[in-house]
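Everything below belongs to structure21.cif, which stores mmCIF, C-alpha atoms.
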data_upload
#
loop_
_atom_site.label_atom_id
_atom_site.label_comp_id
_atom_site.auth_asym_id
_atom_site.auth_seq_id
_atom_site.Cartn_x
_atom_site.Cartn_y
_atom_site.Cartn_z
CA PRO A 1387 -10.91 8.71 -5.05
CA GLY A 1388 -12.53 5.88 -6.95
CA HIS A 1389 -11.91 2.46 -5.42
CA HIS A 1390 -15.31 2.19 -3.68
CA GLN A 1391 -17.23 2.60 -6.95
CA THR A 1392 -18.55 -0.84 -7.88
CA TYR A 1393 -19.63 -2.07 -11.29
CA THR A 1394 -23.19 -0.84 -10.66
CA LYS A 1395 -23.14 2.02 -8.13
CA PRO A 1396 -21.06 4.82 -6.57
CA MET A 1397 -20.06 4.52 -2.92
CA GLY A 1398 -17.82 6.18 -0.32
CA PHE A 1399 -17.26 9.53 -2.10
CA CYS A 1400 -16.33 7.64 -5.29
CA LEU A 1401 -18.38 8.51 -8.39
CA HIS A 1402 -16.09 6.81 -10.91
CA ASN A 1403 -13.57 4.02 -10.44
CA ASN A 1404 -10.63 5.76 -12.07
CA VAL A 1405 -8.33 2.73 -12.06
CA ALA A 1406 -10.95 0.45 -13.63
CA ILE A 1407 -11.79 3.05 -16.27
CA GLY A 1408 -8.12 3.44 -17.09
CA ILE A 1409 -7.52 -0.30 -17.42
CA ASN A 1410 -10.53 -0.82 -19.65
CA ALA A 1411 -9.55 2.17 -21.80
CA LEU A 1412 -6.11 0.65 -22.29
CA ARG A 1413 -7.65 -2.69 -23.19
CA ALA A 1414 -9.71 -0.96 -25.88
CA ASN A 1415 -6.64 0.76 -27.33
CA ALA A 1416 -5.16 -1.16 -30.24
CA LYS A 1417 -1.71 0.22 -29.38
CA CYS A 1418 -1.76 -1.91 -26.22
CA ASP A 1419 -2.26 -5.14 -28.16
CA ARG A 1420 0.67 -7.53 -27.72
CA ASP A 1421 0.35 -9.62 -30.87
CA GLY A 1422 -2.78 -11.33 -29.61
CA GLN A 1423 -1.50 -11.86 -26.06
CA ARG A 1424 -3.70 -10.58 -23.26
CA THR A 1425 -2.42 -7.56 -21.37
CA LYS A 1426 -2.02 -8.13 -17.62
CA PHE A 1427 -2.48 -5.52 -14.90
CA CYS A 1428 -1.69 -5.47 -11.18
CA ILE A 1429 -3.48 -3.03 -8.87
CA ILE A 1430 -1.87 -2.38 -5.50
CA ASP A 1431 -4.29 -0.57 -3.18
CA TRP A 1432 -2.70 0.75 0.01
CA ASP A 1433 -5.58 3.04 1.02
CA ILE A 1434 -6.58 2.20 4.59
CA HIS A 1435 -10.09 1.31 3.43
CA HIS A 1436 -10.74 -1.78 1.36
CA GLY A 1437 -11.34 -1.07 -2.33
CA ASN A 1438 -14.59 -3.00 -2.50
CA GLY A 1439 -15.46 -1.45 -5.85
CA THR A 1440 -12.22 -2.45 -7.55
CA GLN A 1441 -12.56 -5.95 -6.11
CA ASP A 1442 -16.14 -6.15 -7.42
CA ILE A 1443 -15.15 -5.13 -10.95
CA PHE A 1444 -12.13 -7.42 -11.36
CA TYR A 1445 -12.94 -10.28 -8.97
CA ASP A 1446 -13.14 -12.97 -11.67
CA ASP A 1447 -10.73 -11.39 -14.16
CA PRO A 1448 -7.63 -13.58 -14.59
CA ASP A 1449 -5.68 -10.75 -16.21
CA VAL A 1450 -6.04 -8.30 -13.31
CA CYS A 1451 -4.38 -9.02 -9.97
CA TYR A 1452 -5.78 -6.88 -7.14
CA ILE A 1453 -3.84 -6.55 -3.88
CA SER A 1454 -5.39 -4.54 -1.06
CA ILE A 1455 -3.67 -3.70 2.25
CA HIS A 1456 -6.34 -2.22 4.49
CA GLU A 1457 -7.77 -2.01 7.99
CA GLY A 1458 -9.72 -5.11 8.94
CA VAL A 1459 -11.79 -5.21 12.11
CA ARG A 1460 -11.24 -2.54 14.76
CA GLN A 1461 -12.03 -3.15 18.41
CA PHE A 1462 -12.80 -0.02 20.42
CA THR A 1463 -14.41 1.18 23.64
CA VAL A 1464 -17.39 3.56 23.84
CA ASN A 1465 -18.44 4.76 27.30
CA GLY A 1466 -16.67 1.81 28.87
CA VAL A 1467 -18.35 -0.73 26.57
CA GLN A 1468 -16.21 -2.70 24.13
CA ALA A 1469 -17.40 -2.94 20.53
CA MET A 1470 -15.93 -4.06 17.22
CA SER A 1471 -16.44 -2.83 13.68
CA GLN A 1472 -17.66 -5.53 11.33
CA CYS A 1473 -15.44 -6.32 8.35
CA CYS A 1474 -17.91 -7.34 5.63
CA THR A 1475 -15.55 -6.83 2.70
CA GLY A 1476 -11.85 -7.35 2.09
CA LEU A 1477 -11.59 -10.74 3.77
CA THR A 1478 -8.48 -12.85 3.23
CA GLU A 1479 -10.67 -15.72 2.05
CA ASP A 1480 -11.99 -13.66 -0.87
CA VAL A 1481 -9.45 -14.90 -3.39
CA GLY A 1482 -11.43 -14.75 -6.62
CA VAL A 1483 -11.78 -17.57 -9.12
CA ASN A 1484 -8.12 -17.51 -10.11
CA GLY A 1485 -6.51 -16.41 -6.85
CA THR A 1486 -5.81 -12.97 -8.28
CA ASN A 1487 -7.76 -11.16 -5.57
CA ILE A 1488 -5.43 -10.75 -2.60
CA ASN A 1489 -6.77 -9.10 0.55
CA VAL A 1490 -4.49 -8.19 3.45
CA PRO A 1491 -6.68 -6.98 6.35
CA LEU A 1492 -4.89 -5.47 9.34
CA ASN A 1493 -6.89 -5.89 12.54
CA ILE A 1494 -6.81 -3.48 15.49
CA TYR A 1495 -7.57 -4.69 19.02
CA HIS A 1496 -8.15 -2.55 22.11
CA ASP A 1497 -5.19 -2.46 24.52
CA TYR A 1498 -3.27 -4.79 22.21
CA ASN A 1499 -2.14 -2.99 19.05
CA GLU A 1500 -4.29 0.13 18.82
CA CYS A 1501 -1.17 2.23 18.25
CA GLY A 1502 -1.73 1.33 14.58
CA TYR A 1503 0.50 -0.15 11.90
CA GLY A 1504 3.54 1.78 10.74
CA ASP A 1505 6.59 1.70 8.48
CA ASP A 1506 8.05 -1.65 9.55
CA GLU A 1507 4.77 -3.47 9.13
CA TYR A 1508 3.92 -2.00 5.73
CA LEU A 1509 7.41 -2.53 4.34
CA LEU A 1510 7.30 -6.15 5.51
CA LEU A 1511 3.98 -6.67 3.73
CA VAL A 1512 5.36 -5.19 0.52
CA GLN A 1513 8.47 -7.38 0.70
CA GLN A 1514 6.69 -10.60 1.69
CA ILE A 1515 3.48 -10.37 -0.37
CA VAL A 1516 3.52 -7.62 -3.00
CA VAL A 1517 7.01 -8.11 -4.44
CA PRO A 1518 6.74 -11.93 -4.87
CA VAL A 1519 3.33 -11.55 -6.54
CA LEU A 1520 4.67 -8.91 -8.94
CA LYS A 1521 7.59 -11.12 -9.92
CA GLU A 1522 5.37 -14.16 -10.54
CA PHE A 1523 2.38 -12.42 -12.14
CA ALA A 1524 4.64 -10.16 -14.28
CA PRO A 1525 2.05 -7.49 -15.16
CA ASP A 1526 2.39 -5.28 -18.21
CA LEU A 1527 1.32 -2.34 -16.04
CA CYS A 1528 1.23 -1.92 -12.26
CA ILE A 1529 -1.18 0.71 -10.92
CA ILE A 1530 -1.04 2.00 -7.35
CA SER A 1531 -4.38 2.96 -5.81
CA ALA A 1532 -2.54 5.41 -3.61
CA GLY A 1533 -4.58 6.42 -0.61
CA PHE A 1534 -2.57 8.09 2.15
CA ASP A 1535 -5.04 7.75 5.04
CA ALA A 1536 -2.81 5.13 6.67
CA GLY A 1537 -0.27 7.92 7.02
CA ILE A 1538 1.07 9.25 10.28
CA GLY A 1539 -1.11 12.01 11.72
CA ASP A 1540 -4.22 11.03 9.75
CA THR A 1541 -7.05 10.96 12.29
CA MET A 1542 -9.28 8.96 9.95
CA GLY A 1543 -6.96 5.97 9.73
CA LYS A 1544 -4.93 6.31 12.95
CA PHE A 1545 -2.03 4.34 11.45
CA ARG A 1546 1.60 5.54 11.36
CA VAL A 1547 3.07 5.18 7.86
CA THR A 1548 5.54 8.02 7.20
CA PRO A 1549 6.11 9.87 3.89
CA ILE A 1550 9.55 8.24 3.67
CA ALA A 1551 8.01 4.77 3.94
CA TYR A 1552 5.49 5.50 1.20
CA GLY A 1553 8.33 6.52 -1.10
CA LEU A 1554 10.34 3.43 -0.23
CA MET A 1555 7.32 1.13 -0.66
CA LEU A 1556 6.89 2.48 -4.16
CA ARG A 1557 10.62 2.03 -4.82
CA LEU A 1558 10.34 -1.65 -3.82
CA ILE A 1559 7.37 -2.06 -6.14
CA LEU A 1560 9.12 -0.29 -9.00
CA ASN A 1561 12.22 -2.42 -8.53
CA ALA A 1562 10.09 -5.58 -8.75
CA CYS A 1563 8.55 -4.56 -12.09
CA ASP A 1564 10.85 -5.68 -14.88
CA ASN A 1565 9.23 -3.43 -17.48
CA HIS A 1566 9.42 -0.28 -15.28
CA LYS A 1567 5.74 0.49 -16.04
CA VAL A 1568 4.16 1.77 -12.84
CA ALA A 1569 1.38 4.36 -12.50
CA MET A 1570 -0.13 6.01 -9.42
CA VAL A 1571 -3.75 7.13 -8.94
CA LEU A 1572 -4.79 9.02 -5.81
CA GLU A 1573 -7.41 7.65 -3.42
CA GLY A 1574 -8.07 8.84 0.17
CA GLY A 1575 -6.02 10.91 2.62
CA TYR A 1576 -7.02 13.57 5.10
CA ASN A 1577 -3.94 15.07 6.76
CA LEU A 1578 -2.96 18.13 4.73
CA CYS A 1579 0.56 18.16 6.16
CA THR A 1580 1.70 14.55 5.85
CA MET A 1581 -0.34 13.57 2.78
CA PRO A 1582 1.24 15.98 0.25
CA ARG A 1583 4.70 15.08 1.53
CA SER A 1584 3.92 11.39 1.06
CA ILE A 1585 2.76 12.16 -2.48
CA ALA A 1586 5.98 14.10 -3.08
CA CYS A 1587 8.07 11.09 -2.04
CA CYS A 1588 6.12 8.85 -4.41
CA ILE A 1589 6.44 11.27 -7.32
CA TYR A 1590 10.19 11.49 -6.66
CA THR A 1591 10.41 7.69 -6.71
CA LEU A 1592 8.61 7.49 -10.05
CA LEU A 1593 10.85 10.17 -11.54
CA ALA A 1594 14.04 8.64 -10.17
CA GLY A 1595 13.17 5.14 -11.39
CA LYS A 1596 14.96 2.01 -10.24
CA GLN A 1597 17.94 2.68 -8.00
CA CYS A 1598 20.81 0.37 -7.02
CA ILE A 1599 23.17 0.61 -4.08
CA HIS A 1600 26.36 -1.33 -3.53
CA SER A 1601 25.93 -3.84 -0.72
CA LEU A 1602 29.01 -4.18 1.50
CA LEU A 1603 27.73 -7.57 2.69
CA SER A 1604 27.19 -9.25 -0.66
CA GLY A 1605 29.53 -7.14 -2.78
CA LYS A 1606 26.71 -6.85 -5.34
CA GLN A 1607 24.42 -4.14 -6.58
CA GLU A 1608 21.21 -4.28 -4.53
CA LEU A 1609 17.92 -2.64 -5.49
CA ASN A 1610 16.48 -2.22 -1.99
CA LEU A 1611 17.20 0.66 0.36
CA THR A 1612 16.56 1.15 4.06
CA LEU A 1613 14.33 3.96 5.30
CA SER A 1614 17.33 6.08 6.33
CA GLU A 1615 19.08 5.51 2.99
CA TYR A 1616 15.96 6.45 1.05
CA GLU A 1617 15.42 9.56 3.17
CA ARG A 1618 19.01 10.67 2.64
CA GLU A 1619 18.64 10.19 -1.11
CA PHE A 1620 15.33 12.06 -1.21
CA VAL A 1621 16.36 15.11 0.84
CA GLN A 1622 19.50 15.52 -1.26
CA SER A 1623 17.22 16.31 -4.19
CA MET A 1624 15.97 19.47 -2.43
CA ASP A 1625 17.48 22.78 -1.43
CA GLU A 1626 17.69 23.89 2.21
CA ASN A 1627 14.35 25.72 2.24
CA GLU A 1628 12.56 22.77 0.61
CA ARG A 1629 14.07 20.38 3.14
CA ARG A 1630 12.89 22.55 6.02
CA LYS A 1631 9.33 22.66 4.65
CA PHE A 1632 9.32 18.93 3.92
CA ASN A 1633 10.48 18.01 7.44
CA GLU A 1634 7.43 19.69 8.99
CA TRP A 1635 5.72 16.30 8.85
CA LYS A 1636 8.07 15.16 11.64
CA LEU A 1637 6.03 17.23 14.10
CA PHE A 1638 3.55 14.35 14.00
CA GLN A 1639 6.37 11.87 14.58
CA THR A 1640 7.42 13.64 17.79
CA GLN A 1641 3.81 13.44 19.01
CA ASP A 1642 3.64 9.74 18.11
CA ILE A 1643 4.27 8.08 21.48
CA ILE A 1644 4.38 4.36 20.82
CA ASN A 1645 3.91 1.56 23.31
CA VAL A 1646 6.76 -0.84 22.49
CA GLN A 1647 4.69 -3.91 23.33
CA GLN A 1648 1.85 -2.74 21.10
CA GLN A 1649 4.28 -2.16 18.25
CA GLN A 1650 5.58 -5.70 18.69
CA ASN A 1651 1.98 -6.92 18.66
CA CYS A 1652 1.44 -5.15 15.34
CA LEU A 1653 4.36 -7.10 13.87
CA LYS A 1654 2.88 -10.32 15.25
CA GLU A 1655 -0.42 -9.55 13.54
CA VAL A 1656 1.37 -8.86 10.27
CA HIS A 1657 3.13 -12.22 10.40
CA LYS A 1658 -0.25 -13.86 11.08
CA VAL A 1659 -1.92 -12.22 8.10
CA ILE A 1660 1.03 -13.05 5.83
CA ALA A 1661 0.69 -16.71 6.82
CA LYS A 1662 -3.07 -16.62 6.21
CA VAL A 1663 -2.68 -14.98 2.79
CA ILE A 1664 -0.16 -17.66 1.80
CA GLU A 1665 -2.50 -20.38 3.03
CA CYS A 1666 -5.51 -19.01 1.12
CA HIS A 1667 -3.56 -18.56 -2.12
CA SER A 1668 -1.23 -21.57 -2.01
CA HIS A 1669 -3.31 -23.43 -4.64
CA PHE A 1670 -2.95 -20.59 -7.15
CA TRP A 1671 0.61 -19.25 -6.80
#

In structure tokens, how does this file's structure come out?
Amino acid sequence: PGHHQTYTKPMGFCLHNNVAIGINALRANAKCDRDGQRTKFCIIDWDIHHGNGTQDIFYDDPDVCYISIHEGVRQFTVNGVQAMSQCCTGLTEDVGVNGTNINVPLNIYHDYNECGYGDDEYLLLVQQIVVPVLKEFAPDLCIISAGFDAGIGDTMGKFRVTPIAYGLMLRLILNACDNHKVAMVLEGGYNLCTMPRSIACCIYTLLAGKQCIHSLLSGKQELNLTLSEYEREFVQSMDENERRKFNEWKLFQTQDIINVQQQQNCLKEVHKVIAKVIECHSHFW
């Protein structure tokens, strides 16, 4: 991992900020020069922890757009006493000088939405925030800071994003990039069953490239798939033994007992944060 490494010091198991090093190496490469035009980059960080280091390095850089979807404050109970983690970085209001720093904190409240955010919420955030930004900013290269600790079964993050959703999120991002140039750099992730399967879905997406389906409603070729459509496409790429091994992640899904009201509350929180992001960035986009 690297996204906690700031401009001046290592933090959070991160000795080098791999994404920042890569971007600056590309900038120094004459082959990346576009006839005097500045090269633009978009970093999409879906690790459950805020990439404070990446934000620190590119905060005032107009040619780098940083989008982070991460856990905000978390309310919890210890020995019957309620407490709340303090969110000192990754605030929605931290927009940077040019509005190219976009933070999407997802708050967790005790007895309200502590089931954690899952596929529907993350896909909505990608569709409502990430995709429009990609289309307007039009980066020359999009880099995913791909942490998988928001994945289902990860006891560090306690969120519920499935391997299929990670693959589909990346498909939506890839479809929104006109130049097809998308890279993925690993960050955090601590469940050794679900994490490698999530990575496998993302690698498949990158190898498969943009994919269209024929929409019966519009009669046109559509770039977006549903979760079930993406899963069907992905498993068809494997033989029977590979499918059986891949589907082992679903053991965590069967253990994932969700309170319907809490899941609805998660969606409510997502709509709130989308509205706040739009409000904070309306002067720039």

Using the chain letters and numbering of this document, enumerate as a ChimeraX atom specification the residues selected by the PyMOL selection byres ((chain A and resi 1629-1635) around 10).
/A:1538-1539,1548-1549,1577-1584,1586-1587,1620-1628,1636-1640

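Using all atoms listed in the file, the shortest contact distance between Gly1439 of chain A and any of A:Cys1528, A:Leu1412, A:Ile1407, A:Ile1585 is found at A:Ile1407.
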
Could you list, with a cut-off of 10 Å and counting only C-alpha atoms, the residues of segment 1508-1575 of chain A near segment 1468-1491 of chain A, each shown with its nearest atom pair and the distance in Å rounded to one decimal, rows sorted by chain and ascending number, as a Markdown table?
| residue | atom | partner | partner_atom | distance |
| --- | --- | --- | --- | --- |
| A:Leu1511 | CA | A:Val1490 | CA | 8.6 |
| A:Ile1515 | CA | A:Val1490 | CA | 9.1 |
| A:Val1516 | CA | A:Ile1488 | CA | 9.5 |
| A:Val1519 | CA | A:Thr1486 | CA | 9.4 |
| A:Phe1523 | CA | A:Thr1486 | CA | 9.1 |

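Taken over the shown file, the PyMOL selection byres ((chain A and resi 1658) around 12) identifies Thr1478, Val1490, Pro1491, Leu1492, Asn1493, Glu1507, Leu1511, Asn1651, Cys1652, Leu1653, Lys1654, Glu1655, Val1656, His1657, Val1659, Ile1660, Ala1661, Lys1662, Val1663, Ile1664 and Glu1665 of chain A.
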
Taking C-alpha atoms for each residue, export the selection above as a PDB file, in the frame of the given file.
ATOM      1  CA  THR A1478      -8.480 -12.850   3.230  1.00  0.00           C
ATOM      2  CA  VAL A1490      -4.490  -8.190   3.450  1.00  0.00           C
ATOM      3  CA  PRO A1491      -6.680  -6.980   6.350  1.00  0.00           C
ATOM      4  CA  LEU A1492      -4.890  -5.470   9.340  1.00  0.00           C
ATOM      5  CA  ASN A1493      -6.890  -5.890  12.540  1.00  0.00           C
ATOM      6  CA  GLU A1507       4.770  -3.470   9.130  1.00  0.00           C
ATOM      7  CA  LEU A1511       3.980  -6.670   3.730  1.00  0.00           C
ATOM      8  CA  ASN A1651       1.980  -6.920  18.660  1.00  0.00           C
ATOM      9  CA  CYS A1652       1.440  -5.150  15.340  1.00  0.00           C
ATOM     10  CA  LEU A1653       4.360  -7.100  13.870  1.00  0.00           C
ATOM     11  CA  LYS A1654       2.880 -10.320  15.250  1.00  0.00           C
ATOM     12  CA  GLU A1655      -0.420  -9.550  13.540  1.00  0.00           C
ATOM     13  CA  VAL A1656       1.370  -8.860  10.270  1.00  0.00           C
ATOM     14  CA  HIS A1657       3.130 -12.220  10.400  1.00  0.00           C
ATOM     15  CA  VAL A1659      -1.920 -12.220   8.100  1.00  0.00           C
ATOM     16  CA  ILE A1660       1.030 -13.050   5.830  1.00  0.00           C
ATOM     17  CA  ALA A1661       0.690 -16.710   6.820  1.00  0.00           C
ATOM     18  CA  LYS A1662      -3.070 -16.620   6.210  1.00  0.00           C
ATOM     19  CA  VAL A1663      -2.680 -14.980   2.790  1.00  0.00           C
ATOM     20  CA  ILE A1664      -0.160 -17.660   1.800  1.00  0.00           C
ATOM     21  CA  GLU A1665      -2.500 -20.380   3.030  1.00  0.00           C
TER      22      GLU A1665
END

Hits of the PyMOL selection byres ((chain A and resi 1532) around 7) in this structure, as a PyMOL selection string:
chain A and resi 1431-1433+1530-1531+1533-1534+1570-1573

Test item: residues at most 8 Å from Phe1399 of chain A, only C-alpha atoms, excluding those fewer than 3 positions along its chain, as a list in words
Pro1387, Gly1388, His1390 and Pro1396 of chain A

Choose the residue, out of A:Leu1560, A:Cys1428, A:Val1646, A:Val1459, that has the smallest atom-to-atom separation from Ala1594 of chain A; count all atoms listed in the file.
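When distances to Ala1594 of chain A are compared using all atoms listed in the file, the smallest one comes from A:Leu1560.
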
Nearest-residue call for Val1517 of chain A, choices A:Ser1668, A:Asn1645, A:Asn1499, A:Asn1561, using all atoms listed in the file
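The closest residue to Val1517 of chain A is A:Asn1561.
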
Separation of atom CA of Cys1666 of chain A from atom CA of Ile1455 of chain A, in Å and rounded to one decimal
15.5 Å

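In this model, the gap between atom CA of Asp1446 of chain A and atom CA of Gly1422 of chain A comes to 20.8 Å.
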
Glu1617 of chain A surroundings by only C-alpha atoms, 9 Å radius, close-in-sequence under 2 positions cut, as an NGL selection string:
:A and (1550-1551 or 1553-1554 or 1612-1615 or 1619-1622)

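Minimum atom-to-atom distance to Asp1497 of chain A, evaluated using all atoms listed in the file, belongs to A:Arg1460 out of A:Lys1521, A:His1436, A:His1566, A:Arg1460.
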
Between atom CA of Thr1591 of chain A and atom CA of Tyr1576 of chain A, measure the distance and give it in Å to one decimal.
21.9 Å

Of the candidates A:Ile1429, A:Leu1556, A:Leu1509, A:Ala1411, which shows the shortest atom-to-atom distance to Phe1444 of chain A, using only C-alpha atoms?
A:Ile1429

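The nearest approach to Ile1409 of chain A among the residues A:Leu1558, A:Leu1520, A:Leu1527, A:Ile1430, with only C-alpha atoms taken into account, belongs to A:Leu1527.
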
Got a sec: who's within 9 Å of Glu1500 of chain A, counting only C-alpha atoms, leaving out chain neighbours fewer than 5 positions off, as a count of residues only?
10
